[in-house]
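Novice: File follows, start-v5.cif with mmCIF, C-alpha atoms:
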```
data_my_file
loop_
_atom_site.label_atom_id
_atom_site.label_comp_id
_atom_site.auth_asym_id
_atom_site.auth_seq_id
_atom_site.Cartn_x
_atom_site.Cartn_y
_atom_site.Cartn_z
CA MET D 1 -8.78 13.69 24.30
CA PHE D 2 -6.97 15.51 21.51
CA LYS D 3 -7.29 18.86 19.77
CA ALA D 4 -8.71 19.21 16.28
CA ILE D 5 -10.07 21.85 13.95
CA LEU D 6 -13.72 21.18 13.20
CA VAL D 7 -15.66 22.76 10.34
CA ASN D 8 -19.44 23.03 10.51
CA ASN D 9 -22.12 24.51 8.29
CA ASN D 10 -25.66 24.87 9.60
CA ASP D 11 -28.59 27.27 9.49
CA GLU D 12 -28.05 28.59 13.01
CA THR D 13 -24.35 29.52 12.99
CA GLY D 14 -23.50 29.42 9.29
CA TYR D 15 -20.06 28.27 8.16
CA SER D 16 -17.50 28.01 10.96
CA ALA D 17 -14.06 26.59 11.69
CA THR D 18 -13.08 26.22 15.35
CA ILE D 19 -10.51 24.42 17.45
CA THR D 20 -12.15 21.85 19.71
CA GLU D 21 -11.35 18.73 21.72
CA LEU D 22 -12.41 15.28 20.54
CA ASP D 23 -12.05 11.79 21.89
CA GLU D 24 -11.26 8.57 20.04
CA GLN D 25 -14.92 7.61 19.79
CA ALA D 26 -15.40 10.49 17.35
CA LEU D 27 -12.93 9.01 14.85
CA PRO D 28 -14.27 7.44 11.66
CA ASP D 29 -13.84 3.79 10.68
CA GLY D 30 -10.44 2.54 9.54
CA ASP D 31 -7.85 -0.10 10.29
CA VAL D 32 -4.90 2.19 11.13
CA THR D 33 -4.98 4.78 13.93
CA VAL D 34 -2.24 7.42 13.79
CA ASP D 35 -1.01 10.02 16.25
CA VAL D 36 -0.55 13.01 13.95
CA GLU D 37 2.65 14.99 14.31
CA TRP D 38 2.60 17.27 11.28
CA SER D 39 0.20 18.49 8.63
CA THR D 40 0.30 21.36 6.13
CA LEU D 41 -1.68 24.38 5.00
CA ASN D 42 -2.55 24.23 1.29
CA TYR D 43 -4.82 26.21 -1.01
CA LYS D 44 -7.55 23.57 -0.73
CA ASP D 45 -7.24 23.64 3.07
CA ALA D 46 -7.69 27.41 3.01
CA LEU D 47 -10.87 26.97 0.97
CA ALA D 48 -12.15 24.46 3.51
CA LEU D 49 -11.35 26.69 6.48
CA THR D 50 -12.96 29.82 5.03
CA GLY D 51 -15.94 28.23 3.29
CA LYS D 52 -14.94 29.66 -0.07
CA GLY D 53 -15.55 27.20 -2.88
CA ARG D 54 -16.90 23.73 -2.17
CA ALA D 55 -13.84 22.02 -0.73
CA VAL D 56 -15.75 20.31 2.10
CA ARG D 57 -18.35 17.78 0.94
CA ARG D 58 -19.88 16.74 4.28
CA PHE D 59 -20.17 18.13 7.79
CA PRO D 60 -18.90 18.19 10.44
CA MET D 61 -15.43 17.84 8.95
CA VAL D 62 -11.86 17.93 10.19
CA PRO D 63 -9.90 19.66 7.38
CA GLY D 64 -6.31 18.97 6.42
CA ILE D 65 -5.56 17.18 3.16
CA ASP D 66 -2.42 15.44 4.42
CA PHE D 67 -0.56 14.39 7.56
CA ALA D 68 2.42 12.46 8.87
CA GLY D 69 2.76 10.72 12.20
CA THR D 70 3.21 7.51 14.16
CA VAL D 71 0.92 4.48 14.09
CA ARG D 72 -0.82 4.12 17.44
CA ASP D 73 -2.86 1.02 16.64
CA SER D 74 -3.21 -1.15 13.54
CA HIS D 75 -5.41 -3.95 12.28
CA HIS D 76 -3.73 -3.84 8.89
CA PRO D 77 -0.97 -6.37 8.03
CA GLY D 78 1.23 -3.68 6.53
CA PHE D 79 1.57 -1.56 9.67
CA LYS D 80 2.29 -1.96 13.36
CA PRO D 81 2.36 0.44 16.32
CA GLY D 82 5.39 2.70 16.15
CA ASP D 83 5.60 2.79 12.35
CA LYS D 84 6.05 6.23 10.81
CA VAL D 85 3.61 6.99 7.99
CA VAL D 86 2.47 9.69 5.56
CA TYR D 87 -1.01 10.09 4.09
CA THR D 88 -2.18 12.39 1.30
CA GLY D 89 -5.34 12.62 -0.77
CA PHE D 90 -8.19 10.09 -1.01
CA GLY D 91 -10.69 12.74 0.05
CA LEU D 92 -8.86 13.61 3.27
CA GLY D 93 -10.27 16.85 4.64
CA GLU D 94 -13.07 16.81 2.05
CA THR D 95 -15.11 13.63 2.54
CA GLU D 96 -12.85 11.93 5.11
CA TRP D 97 -11.71 13.47 8.39
CA GLY D 98 -8.33 15.05 7.80
CA GLY D 99 -4.99 15.91 9.29
CA TYR D 100 -5.85 18.87 11.53
CA SER D 101 -6.36 16.50 14.43
CA GLY D 102 -4.12 15.03 17.07
CA ARG D 103 -5.33 11.57 16.08
CA VAL D 104 -6.77 10.11 12.89
CA ARG D 105 -8.06 6.75 11.69
CA VAL D 106 -7.58 5.79 8.05
CA SER D 107 -7.31 2.88 5.63
CA GLY D 108 -3.99 1.06 5.67
CA ASP D 109 -4.37 0.33 1.96
CA ARG D 110 -4.02 4.06 1.31
CA THR D 111 -1.25 4.77 3.81
CA VAL D 112 2.38 5.20 2.73
CA PRO D 113 5.30 4.11 4.94
CA LEU D 114 7.58 7.03 5.73
CA PRO D 115 10.09 7.28 2.85
CA GLU D 116 13.62 6.35 3.88
CA GLY D 117 15.72 9.36 4.75
CA LEU D 118 12.82 11.67 5.60
CA SER D 119 11.38 12.65 8.97
CA THR D 120 7.65 13.14 9.48
CA ARG D 121 8.26 16.90 9.37
CA ASP D 122 10.22 16.55 6.14
CA THR D 123 7.37 14.69 4.47
CA MET D 124 4.97 17.49 5.34
CA ALA D 125 7.47 20.13 4.22
CA ILE D 126 7.00 18.33 0.91
CA GLY D 127 3.34 17.45 1.51
CA THR D 128 0.60 17.24 -1.09
CA ALA D 129 2.10 20.21 -2.95
CA GLY D 130 5.51 18.59 -3.35
CA PHE D 131 3.95 15.24 -4.16
CA THR D 132 1.90 16.93 -6.89
CA ALA D 133 4.99 18.69 -8.21
CA MET D 134 6.80 15.36 -8.53
CA LEU D 135 3.82 13.84 -10.35
CA CYS D 136 4.08 16.73 -12.82
CA VAL D 137 7.79 16.14 -13.35
CA LEU D 138 7.28 12.40 -13.82
CA ALA D 139 4.49 13.09 -16.32
CA LEU D 140 6.69 15.46 -18.35
CA GLU D 141 9.37 12.81 -18.57
CA ARG D 142 6.88 10.04 -19.27
CA HIS D 143 5.69 12.06 -22.27
CA GLY D 144 9.20 12.55 -23.57
CA VAL D 145 10.37 15.96 -22.32
CA ARG D 146 14.13 15.86 -21.68
CA PRO D 147 16.52 18.48 -20.22
CA GLY D 148 18.05 19.30 -23.60
CA ASP D 149 14.72 19.92 -25.31
CA GLY D 150 14.33 23.55 -24.25
CA GLU D 151 12.89 25.73 -21.52
CA VAL D 152 10.34 24.43 -19.03
CA LEU D 153 7.93 26.96 -17.53
CA VAL D 154 6.57 26.85 -13.99
CA THR D 155 3.63 29.15 -13.21
CA GLY D 156 2.78 30.24 -9.66
CA ALA D 157 6.44 29.56 -8.95
CA THR D 158 6.58 30.93 -5.40
CA GLY D 159 3.70 28.73 -4.21
CA GLY D 160 4.00 25.28 -2.71
CA VAL D 161 3.73 23.27 -5.93
CA GLY D 162 5.66 25.84 -7.94
CA SER D 163 8.59 26.15 -5.53
CA ILE D 164 9.18 22.42 -5.38
CA ALA D 165 8.62 21.99 -9.12
CA VAL D 166 11.31 24.60 -9.82
CA ARG D 167 13.75 22.78 -7.56
CA LEU D 168 12.98 19.30 -8.89
CA LEU D 169 13.25 20.34 -12.54
CA ALA D 170 16.46 22.30 -11.99
CA GLY D 171 17.92 19.37 -10.08
CA ARG D 172 17.20 17.11 -13.06
CA GLY D 173 19.00 19.46 -15.41
CA TYR D 174 16.15 21.41 -17.00
CA ARG D 175 16.39 25.11 -17.79
CA VAL D 176 13.52 26.45 -15.68
CA VAL D 177 11.67 29.70 -16.30
CA ALA D 178 9.64 30.75 -13.26
CA SER D 179 6.50 32.89 -13.60
CA THR D 180 5.47 34.93 -10.57
CA GLY D 181 3.68 38.10 -9.59
CA LYS D 182 6.18 38.68 -6.76
CA SER D 183 9.19 40.46 -8.22
CA ALA D 184 10.78 40.64 -4.76
CA GLU D 185 11.12 36.84 -4.74
CA GLU D 186 13.53 36.64 -7.69
CA GLY D 187 16.45 35.77 -5.40
CA TYR D 188 14.43 33.00 -3.77
CA LEU D 189 13.49 31.47 -7.13
CA ARG D 190 17.04 31.65 -8.44
CA GLU D 191 18.26 29.96 -5.28
CA LEU D 192 15.81 27.14 -6.02
CA GLY D 193 17.34 26.82 -9.49
CA ALA D 194 15.29 29.03 -11.83
CA SER D 195 17.34 30.34 -14.77
CA GLU D 196 14.93 33.14 -15.62
CA ILE D 197 12.04 34.93 -13.92
CA ILE D 198 9.09 36.39 -15.84
CA ASP D 199 6.17 38.48 -14.60
CA ARG D 200 2.92 36.53 -14.52
CA LYS D 201 1.26 39.47 -16.32
CA GLU D 202 2.97 38.23 -19.49
CA LEU D 203 0.71 35.18 -19.32
CA SER D 204 -2.44 36.41 -17.58
CA THR D 205 -3.61 38.80 -20.32
CA PRO D 206 -5.69 37.25 -23.13
CA GLY D 207 -3.50 36.47 -26.14
CA LYS D 208 -3.56 34.85 -29.56
CA PRO D 209 -4.66 31.24 -30.22
CA LEU D 210 -1.08 30.57 -31.34
CA ALA D 211 1.92 32.54 -30.10
CA LYS D 212 5.64 32.28 -30.71
CA GLU D 213 6.89 28.81 -29.74
CA ARG D 214 8.93 28.79 -26.55
CA TRP D 215 8.20 26.09 -23.96
CA ALA D 216 9.29 22.48 -24.33
CA GLY D 217 7.25 21.74 -21.23
CA ALA D 218 5.35 23.43 -18.44
CA VAL D 219 3.95 22.92 -14.96
CA ASP D 220 0.84 25.07 -14.55
CA VAL D 221 -1.00 25.71 -11.30
CA ALA D 222 -3.07 28.65 -12.50
CA GLY D 223 -5.56 27.52 -15.14
CA GLY D 224 -7.62 30.22 -16.84
CA VAL D 225 -6.06 32.64 -19.32
CA THR D 226 -2.59 31.74 -18.09
CA LEU D 227 -2.97 28.10 -19.09
CA ALA D 228 -4.45 29.11 -22.44
CA ASN D 229 -1.42 31.31 -23.14
CA VAL D 230 1.00 28.60 -22.01
CA CYS D 231 -0.60 26.21 -24.50
CA ALA D 232 -0.42 28.83 -27.26
CA SER D 233 3.32 29.36 -26.75
CA THR D 234 4.35 25.74 -26.25
CA ARG D 235 6.69 24.29 -28.86
CA TYR D 236 5.87 21.57 -31.37
CA LEU D 237 5.19 18.29 -29.50
CA GLY D 238 5.63 20.08 -26.19
CA VAL D 239 3.94 18.90 -22.99
CA ILE D 240 2.03 20.85 -20.33
CA THR D 241 0.98 19.44 -16.97
CA THR D 242 -1.95 21.14 -15.28
CA CYS D 243 -2.61 20.66 -11.59
CA GLY D 244 -4.31 23.78 -10.21
CA LEU D 245 -6.81 26.57 -10.63
CA ALA D 246 -5.28 29.41 -8.64
CA GLU D 247 -6.32 31.86 -11.37
CA SER D 248 -9.48 30.21 -12.65
CA MET D 249 -11.19 26.92 -13.39
CA ASP D 250 -12.00 28.23 -16.88
CA PHE D 251 -9.88 27.33 -19.91
CA PRO D 252 -10.48 29.97 -22.62
CA ALA D 253 -8.34 28.32 -25.29
CA THR D 254 -8.69 26.97 -28.82
CA VAL D 255 -7.72 23.59 -30.26
CA ALA D 256 -5.01 25.23 -32.39
CA PRO D 257 -1.98 24.29 -30.23
CA PHE D 258 -3.13 20.68 -30.04
CA ILE D 259 -3.93 20.05 -33.72
CA LEU D 260 -1.31 22.31 -35.33
CA ARG D 261 1.63 21.74 -32.99
CA GLY D 262 0.79 18.38 -31.43
CA VAL D 263 0.88 19.86 -27.93
CA THR D 264 -0.06 17.48 -25.11
CA LEU D 265 -2.01 18.71 -22.06
CA VAL D 266 -1.73 16.29 -19.13
CA GLY D 267 -4.04 16.55 -16.13
CA ILE D 268 -2.44 15.74 -12.78
CA ASP D 269 -4.54 14.37 -9.93
CA SER D 270 -2.70 13.70 -6.69
CA GLY D 271 -5.80 12.80 -4.68
CA PHE D 272 -6.51 9.34 -6.06
CA CYS D 273 -3.13 8.61 -7.61
CA PRO D 274 -2.63 4.79 -7.65
CA MET D 275 -0.32 3.37 -5.01
CA PRO D 276 2.53 2.21 -7.34
CA LEU D 277 2.90 5.72 -8.79
CA ARG D 278 2.44 7.19 -5.31
CA MET D 279 5.33 5.10 -3.99
CA GLU D 280 7.50 5.99 -7.02
CA ALA D 281 6.92 9.70 -6.44
CA TRP D 282 7.68 9.59 -2.71
CA THR D 283 10.83 7.54 -3.28
CA ALA D 284 12.07 10.09 -5.80
CA LEU D 285 11.21 13.01 -3.52
CA ALA D 286 13.20 11.45 -0.68
CA LYS D 287 16.24 11.23 -2.96
CA GLU D 288 16.00 14.61 -4.65
CA LEU D 289 14.94 17.09 -1.94
CA ASP D 290 17.53 17.62 0.75
CA PRO D 291 16.80 19.20 4.16
CA ALA D 292 18.55 22.45 3.23
CA VAL D 293 16.15 23.00 0.34
CA LEU D 294 13.15 22.09 2.47
CA GLY D 295 14.30 24.63 5.03
CA LEU D 296 14.48 27.32 2.36
CA ILE D 297 10.90 26.84 1.19
CA THR D 298 9.20 26.07 4.53
CA ARG D 299 7.67 28.01 7.38
CA GLU D 300 6.21 26.41 10.52
CA ILE D 301 3.03 27.29 12.39
CA GLY D 302 1.02 25.67 15.17
CA LEU D 303 -2.47 24.22 14.89
CA GLY D 304 -3.81 27.35 16.57
CA ASP D 305 -2.47 29.55 13.75
CA VAL D 306 -4.06 27.65 10.87
CA ILE D 307 -7.49 29.33 10.78
CA SER D 308 -6.14 32.89 10.90
CA MET D 309 -3.56 32.20 8.18
CA ALA D 310 -6.00 30.67 5.67
CA PRO D 311 -7.02 34.03 4.08
CA ASP D 312 -3.35 34.81 3.38
CA VAL D 313 -3.02 31.55 1.46
CA LEU D 314 -6.07 32.41 -0.65
CA ALA D 315 -4.68 35.88 -1.29
CA GLY D 316 -1.44 34.38 -2.60
CA THR D 317 0.77 36.20 -0.13
CA VAL D 318 2.32 33.06 1.41
CA ARG D 319 5.58 31.84 -0.09
CA GLY D 320 6.56 28.19 -0.40
CA ARG D 321 5.31 25.56 2.02
CA THR D 322 3.61 25.93 5.42
CA VAL D 323 3.94 23.00 7.82
CA VAL D 324 1.54 22.70 10.73
CA ARG D 325 2.78 21.40 14.07
CA VAL D 326 -0.12 19.24 15.27
CA ALA D 327 1.46 17.14 18.02
#
```
Take the structure in the file and give it back as structure tokens.

Specialist:
Amino acid sequence: MFKAILVNNNDETGYSATITELDEQALPDGDVTVDVEWSTLNYKDALALTGKGRAVRRFPMVPGIDFAGTVRDSHHPGFKPGDKVVYTGFGLGETEWGGYSGRVRVSGDRTVPLPEGLSTRDTMAIGTAGFTAMLCVLALERHGVRPGDGEVLVTGATGGVGSIAVRLLAGRGYRVVASTGKSAEEGYLRELGASEIIDRKELSTPGKPLAKERWAGAVDVAGGVTLANVCASTRYLGVITTCGLAESMDFPATVAPFILRGVTLVGIDSGFCPMPLRMEAWTALAKELDPAVLGLITREIGLGDVISMAPDVLAGTVRGRTVVRVA
């Protein structure tokens, strides 16, 4: 038996998330069984736990969009018992039972060997958020944004994606401007490498279709009016990566930045990212994020704290990354 968080939605009890005990017979099909050691608490997890939005696609469901642990049993040629692994995306916690469980069973074809130099806890201190941040950085560089080109903006900079994006970009030599609604966190963001901090109100109020050119690149987690304003103030041939909807799923913009300035808007999907790019991102993360930085951005909670903390994540009051001790 092992503990897990189980989400249900039925006519009798409504939407609920509870800690329960399961046995191995409850696990779904798969060729790799893993004893989970660590998971994380992300925005999408908080949606799944509270029933806000439509994060969960079938019930009952074990939430948790990522995990790291040790292979218990394997029928896949790439893994053997005792191997350390990390798993993110591919519908985990949405359509496939996720990481808030002491044991999981998944596809070996979608499982990543633990990156060299990282512990299972380290990989979840990075987690889906850090993995997404690295995909954004790689996309900016793939589309030609270089450190000497000008300022790079990061919105939602104190969140999981934002915090790691600030650090990764600063570490690669970019001048990073961090947007946040938390003025008290300026010291934290500067410690991560931000050169300047701006109030998110500068971007969250509706503006002009074209504004003064400023950003050579951007990592946006907000969507909505913020993303529209980022596009409007991006420099000629600048590049914006969009990976979240913390403000809104809407995009109240015009085509002006794209047809008059040649701005590129790149969508980032970490869920079904192909394995070669997935491996490239994790290898880079292992090289560029040292334990001291991970310690700065991370807090740790137990599996029993996850449900009660979910509303705080949705409210935007949680800084950095939250790792969940599952084992």

Novice: Evaluate the PyMOL selection byres ((chain D and resi 303-319) around 7) and record the selected residues as number ranges by chain, following the chain and residue labels used in the document.

Specialist: D: 43, 46, 49, 158-159, 301-302, 320-321, 324-326

Novice: Residues as selected, C-alpha atoms, written as a compact mmCIF listing (two decimals), keeping the file's coordinate frame, can you do that?

Specialist:
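This went into again.txt:
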```txt
# COMPACT_ATOMS: atom_id res chain seq x y z
CA TYR D 43 -4.82 26.21 -1.01
CA ALA D 46 -7.69 27.41 3.01
CA LEU D 49 -11.35 26.69 6.48
CA THR D 158 6.58 30.93 -5.40
CA GLY D 159 3.70 28.73 -4.21
CA ILE D 301 3.03 27.29 12.39
CA GLY D 302 1.02 25.67 15.17
CA GLY D 320 6.56 28.19 -0.40
CA ARG D 321 5.31 25.56 2.02
CA VAL D 324 1.54 22.70 10.73
CA ARG D 325 2.78 21.40 14.07
CA VAL D 326 -0.12 19.24 15.27
```

Novice: Work out how far apart atom CA of Ala327 of chain D and atom CA of Tyr15 of chain D are and give it in Å to one decimal.

Specialist: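 Interatomic distance, atom CA of Ala327 of chain D to atom CA of Tyr15 of chain D: 26.2 Å.
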
Novice: Choose the residue, out of D:Val255, D:Ala218, D:Met134, D:Val263, that has the smallest atom-to-atom separation from Ala284 of chain D; count only C-alpha atoms.

Specialist: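 Counting only C-alpha atoms, the residue closest to Ala284 of chain D is D:Met134.
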
Novice: Using the chain letters and numbering of this document, enumerate as a ChimeraX atom specification the residues selected by the PyMOL selection byres ((chain D and resi 67) around 6).

Specialist: /D:38-39,66,68,86-87,99

Novice: For the selection just defined, write its residues with C-alpha atoms to a file, as a PDB file, in the coordinates of the input.

Specialist:
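Below you can see out.pdb, which holds the result:
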```pdb
ATOM      1  CA  TRP D  38       2.600  17.270  11.280  1.00  0.00           C
ATOM      2  CA  SER D  39       0.200  18.490   8.630  1.00  0.00           C
ATOM      3  CA  ASP D  66      -2.420  15.440   4.420  1.00  0.00           C
ATOM      4  CA  ALA D  68       2.420  12.460   8.870  1.00  0.00           C
ATOM      5  CA  VAL D  86       2.470   9.690   5.560  1.00  0.00           C
ATOM      6  CA  TYR D  87      -1.010  10.090   4.090  1.00  0.00           C
ATOM      7  CA  GLY D  99      -4.990  15.910   9.290  1.00  0.00           C
TER       8      GLY D  99
END
```

Novice: Written as a list in words, which residues does the PyMOL selection byres ((chain D and resi 51) around 9) give for the file shown?

Specialist: Val7, Asn9, Tyr15, Ser16, Ala17, Ala46, Leu47, Ala48, Leu49, Thr50, Lys52, Gly53, Arg54, Ala55 and Val56 of chain D

Novice: Which residue, D:Met249, D:Ala125, D:Leu22, D:Met279, has the smallest gap to Ala292 of chain D when you use all atoms listed in the file?

Specialist: D:Ala125

Novice: If you measure from atom CA of Arg235 of chain D to atom CA of Val166 of chain D, what distance in Å do you get, rounded to one decimal?

Specialist: 19.6 Å

Novice: I'd like the neighbourhood of Gly69 of chain D as a ChimeraX atom specification, where a residue qualifies if any of its atoms comes within 8 Å (using only C-alpha atoms), though same-chain residues fewer than 6 positions away should be ignored.

Specialist: /D:34-38,84-86,120

Novice: Expressed in Å to a single decimal, how great is the separation between atom CA of Leu203 of chain D and atom CA of Ala232 of chain D?

Specialist: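 These two atoms are separated by 10.2 Å.
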
Novice: May I have the residues within 10 Å of Leu153 of chain D as a list in words, using all atoms listed in the file and disregarding those fewer than 5 positions away in the same chain?

Specialist: Gly162, Ala165, Val166, Leu169, Tyr174, Arg175, Val176, Val177, Ala178, Ser179, Ala194, Glu196, Ile197, Ile198, Arg214, Trp215, Ala216, Gly217, Ala218, Val219, Asp220, Val230, Thr234 and Ile240 of chain D

Novice: Selected residues, C-alpha atoms, written as a tab-separated table (two decimals), in the frame of the given file, please.

Specialist:
```
chain	number	residue	atom	x	y	z
D	162	GLY	CA	5.66	25.84	-7.94
D	165	ALA	CA	8.62	21.99	-9.12
D	166	VAL	CA	11.31	24.60	-9.82
D	169	LEU	CA	13.25	20.34	-12.54
D	174	TYR	CA	16.15	21.41	-17.00
D	175	ARG	CA	16.39	25.11	-17.79
D	176	VAL	CA	13.52	26.45	-15.68
D	177	VAL	CA	11.67	29.70	-16.30
D	178	ALA	CA	9.64	30.75	-13.26
D	179	SER	CA	6.50	32.89	-13.60
D	194	ALA	CA	15.29	29.03	-11.83
D	196	GLU	CA	14.93	33.14	-15.62
D	197	ILE	CA	12.04	34.93	-13.92
D	198	ILE	CA	9.09	36.39	-15.84
D	214	ARG	CA	8.93	28.79	-26.55
D	215	TRP	CA	8.20	26.09	-23.96
D	216	ALA	CA	9.29	22.48	-24.33
D	217	GLY	CA	7.25	21.74	-21.23
D	218	ALA	CA	5.35	23.43	-18.44
D	219	VAL	CA	3.95	22.92	-14.96
D	220	ASP	CA	0.84	25.07	-14.55
D	230	VAL	CA	1.00	28.60	-22.01
D	234	THR	CA	4.35	25.74	-26.25
D	240	ILE	CA	2.03	20.85	-20.33
```

Novice: Please return the centre and edge lengths, in Å to one decimal, of a box with edges along x, y and z that contains all listed atoms of segment 132-141 of chain D, widened by 4 Å on every side, as AutoDock Vina command-line options.

Specialist:
```
--center_x 5.6 --center_y 15.5 --center_z -12.7 --size_x 15.5 --size_y 14.3 --size_z 19.7
```

Novice: Tell me which protein, DNA and RNA residues are within 7 Å of Ala133 of chain D, counting only C-alpha atoms, leaving out same-chain ones fewer than 4 positions away, and put them as a list of chain:residue names.

Specialist: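 Here the answer would be D:Ala129, D:Val137, D:Val161, D:Ile164, D:Ala165.
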
Novice: Determine, counting all atoms listed in the file, which protein, DNA and RNA residues have an atom within 7 Å of an atom of Ala246 of chain D; residues of the same chain fewer than 4 positions away are not included. Present the result as a PyMOL selection string.

Specialist: chain D and resi 221-223

Novice: Nearest residue to Asp31 of chain D out of D:Asp149, D:Glu213, D:Asp73, D:Asp269, using all atoms listed in the file?

Specialist: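 Smallest distance to Asp31 of chain D is found for D:Asp73.
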